[in-house]
Amino acid sequence: MSTRDSSATDPQVLAELGRLRDSIDNIDAAVVHMLAERFKCTQQVGHLKAAHQLPPADPSREAQQIARLRGLAESAKLDPAFAEKLLNFIISEVIRHHEQIADATDR
């Protein structure tokens, strides 16, 4: 791999790179805030499930969400397999939280 001295790079290229990186940073911040909001909602779901002795996982709902997200990914020109992996990771975290909530409710 070549490590180029950025001082030799065209200033317009560096400016464009900076602009794009700023956009990426803004998008990353939005994603984090959206995930935080999503987890606030799923925590409420976990408390509701625990209060009514519902199981932490809902395989039917999870399958529906995966199918829906894959369709959204395809429409957005995003790799559906990547979208599914991301959602599976999020779902596993949600289930883990729901299990913790249920355990705390049982005490």
# chains A, B, ... in the order shown; residues from 1 in each chain; ligands from 1
$ residues_around --residues "region 54-66 of chain A" --least-positions-apart "4" --cutoff "7 Å" --atoms "only C-alpha atoms" --output "number ranges by chain"
A: 46, 49-50, 70, 84, 87, 95, 98-99
$ write_last_selection --atoms "all heavy atoms" --output "PDB file, in the first residue's frame"
ATOM      1  N   GLY A  46     -40.027  -4.069  26.060  1.00  0.00           N
ATOM      2  CA  GLY A  46     -39.525  -5.070  27.007  1.00  0.00           C
ATOM      3  C   GLY A  46     -40.261  -5.014  28.334  1.00  0.00           C
ATOM      4  O   GLY A  46     -40.605  -6.062  28.905  1.00  0.00           O
ATOM      5  N   LYS A  49     -43.776  -6.400  27.742  1.00  0.00           N
ATOM      6  CA  LYS A  49     -43.735  -7.865  27.640  1.00  0.00           C
ATOM      7  C   LYS A  49     -43.531  -8.500  29.006  1.00  0.00           C
ATOM      8  O   LYS A  49     -44.197  -9.476  29.351  1.00  0.00           O
ATOM      9  CB  LYS A  49     -42.604  -8.303  26.699  1.00  0.00           C
ATOM     10  CG  LYS A  49     -42.893  -8.109  25.230  1.00  0.00           C
ATOM     11  CD  LYS A  49     -41.706  -8.598  24.413  1.00  0.00           C
ATOM     12  CE  LYS A  49     -41.997  -8.667  22.939  1.00  0.00           C
ATOM     13  NZ  LYS A  49     -40.863  -9.239  22.194  1.00  0.00           N
ATOM     14  N   ALA A  50     -42.609  -7.957  29.791  1.00  0.00           N
ATOM     15  CA  ALA A  50     -42.333  -8.519  31.112  1.00  0.00           C
ATOM     16  C   ALA A  50     -43.548  -8.416  32.021  1.00  0.00           C
ATOM     17  O   ALA A  50     -43.865  -9.369  32.751  1.00  0.00           O
ATOM     18  CB  ALA A  50     -41.129  -7.814  31.742  1.00  0.00           C
ATOM     19  N   ARG A  70     -35.223  -5.873   4.262  1.00  0.00           N
ATOM     20  CA  ARG A  70     -34.551  -6.286   3.024  1.00  0.00           C
ATOM     21  C   ARG A  70     -35.180  -5.558   1.826  1.00  0.00           C
ATOM     22  O   ARG A  70     -34.476  -5.098   0.936  1.00  0.00           O
ATOM     23  CB  ARG A  70     -34.614  -7.803   2.843  1.00  0.00           C
ATOM     24  CG  ARG A  70     -33.651  -8.560   3.756  1.00  0.00           C
ATOM     25  CD  ARG A  70     -33.672 -10.054   3.444  1.00  0.00           C
ATOM     26  NE  ARG A  70     -33.086 -10.305   2.139  1.00  0.00           N
ATOM     27  CZ  ARG A  70     -31.805 -10.615   1.926  1.00  0.00           C
ATOM     28  NH1 ARG A  70     -30.968 -10.733   2.933  1.00  0.00           N
ATOM     29  NH2 ARG A  70     -31.361 -10.824   0.702  1.00  0.00           N
ATOM     30  N   GLU A  84     -29.815  -7.028   6.522  1.00  0.00           N
ATOM     31  CA  GLU A  84     -30.286  -8.132   7.367  1.00  0.00           C
ATOM     32  C   GLU A  84     -29.307  -8.402   8.501  1.00  0.00           C
ATOM     33  O   GLU A  84     -29.707  -8.618   9.647  1.00  0.00           O
ATOM     34  CB  GLU A  84     -30.496  -9.398   6.537  1.00  0.00           C
ATOM     35  CG  GLU A  84     -31.057 -10.544   7.345  1.00  0.00           C
ATOM     36  CD  GLU A  84     -31.430 -11.757   6.518  1.00  0.00           C
ATOM     37  OE1 GLU A  84     -31.474 -11.658   5.279  1.00  0.00           O
ATOM     38  OE2 GLU A  84     -31.679 -12.812   7.130  1.00  0.00           O
ATOM     39  N   LEU A  87     -29.794  -5.665  11.076  1.00  0.00           N
ATOM     40  CA  LEU A  87     -31.026  -5.845  11.841  1.00  0.00           C
ATOM     41  C   LEU A  87     -30.914  -7.041  12.779  1.00  0.00           C
ATOM     42  O   LEU A  87     -31.378  -6.971  13.920  1.00  0.00           O
ATOM     43  CB  LEU A  87     -32.239  -5.998  10.922  1.00  0.00           C
ATOM     44  CG  LEU A  87     -33.587  -6.032  11.659  1.00  0.00           C
ATOM     45  CD1 LEU A  87     -33.817  -4.746  12.455  1.00  0.00           C
ATOM     46  CD2 LEU A  87     -34.727  -6.271  10.690  1.00  0.00           C
ATOM     47  N   ILE A  95     -33.379  -8.401  22.226  1.00  0.00           N
ATOM     48  CA  ILE A  95     -33.775  -9.604  22.972  1.00  0.00           C
ATOM     49  C   ILE A  95     -32.995  -9.694  24.271  1.00  0.00           C
ATOM     50  O   ILE A  95     -33.552 -10.004  25.338  1.00  0.00           O
ATOM     51  CB  ILE A  95     -33.610 -10.864  22.108  1.00  0.00           C
ATOM     52  CG1 ILE A  95     -34.637 -10.863  20.970  1.00  0.00           C
ATOM     53  CG2 ILE A  95     -33.742 -12.133  22.955  1.00  0.00           C
ATOM     54  CD1 ILE A  95     -34.405 -11.922  19.908  1.00  0.00           C
ATOM     55  N   HIS A  98     -34.511  -7.338  26.628  1.00  0.00           N
ATOM     56  CA  HIS A  98     -35.817  -7.834  27.083  1.00  0.00           C
ATOM     57  C   HIS A  98     -35.630  -8.946  28.115  1.00  0.00           C
ATOM     58  O   HIS A  98     -36.396  -9.025  29.085  1.00  0.00           O
ATOM     59  CB  HIS A  98     -36.651  -8.335  25.904  1.00  0.00           C
ATOM     60  CG  HIS A  98     -37.163  -7.228  25.034  1.00  0.00           C
ATOM     61  ND1 HIS A  98     -38.032  -7.453  23.987  1.00  0.00           N
ATOM     62  CD2 HIS A  98     -36.939  -5.889  25.029  1.00  0.00           C
ATOM     63  CE1 HIS A  98     -38.321  -6.304  23.392  1.00  0.00           C
ATOM     64  NE2 HIS A  98     -37.648  -5.344  24.001  1.00  0.00           N
ATOM     65  N   GLU A  99     -34.640  -9.794  27.915  1.00  0.00           N
ATOM     66  CA  GLU A  99     -34.359 -10.856  28.891  1.00  0.00           C
ATOM     67  C   GLU A  99     -33.927 -10.256  30.222  1.00  0.00           C
ATOM     68  O   GLU A  99     -34.362 -10.715  31.282  1.00  0.00           O
ATOM     69  CB  GLU A  99     -33.283 -11.800  28.347  1.00  0.00           C
ATOM     70  CG  GLU A  99     -33.781 -12.672  27.212  1.00  0.00           C
ATOM     71  CD  GLU A  99     -32.677 -13.422  26.472  1.00  0.00           C
ATOM     72  OE1 GLU A  99     -31.476 -13.089  26.646  1.00  0.00           O
ATOM     73  OE2 GLU A  99     -33.026 -14.344  25.711  1.00  0.00           O
TER      74      GLU A  99
END
$ residues_around --residues "region 26-43 of chain A" --least-positions-apart "3" --cutoff "8 Å" --atoms "only C-alpha atoms" --output "list in words"
Asp22, Ser23, Gly46, His47, Val94, His97 and His98 of chain A
$ closest_residue --among "A:Val45, A:Asn88, A:Ala51, A:Pro11" --to "Leu69 (chain A)" --atoms "only C-alpha atoms"
A:Asn88
$ select_by_dssp --residues "chain A" --states "alpha helix (DSSP H)" --output "ChimeraX atom specification"
/A:11-51,59-75,80-106
$ closest_residue --among "A:Gln44, A:Asp25, A:Phe82, A:Gly71" --to "Ile101 (chain A)" --atoms "only C-alpha atoms"
A:Gln44
$ atom_distance --atom1 "CA of Glu16 (chain A)" --atom2 "CA of Leu78 (chain A)"
23.5 Å
$ closest_residue --among "A:Leu48, A:Ala73, A:Asp103, A:Gln12" --to "Leu86 (chain A)" --atoms "only C-alpha atoms"
A:Ala73
$ closest_residue --among "A:Ala8, A:Val13, A:Leu20, A:His52" --to "Thr105 (chain A)" --atoms "only C-alpha atoms"
A:His52
$ atom_distance --atom1 "CA of Arg107 (chain A)" --atom2 "CA of Ile90 (chain A)"
26.4 Å
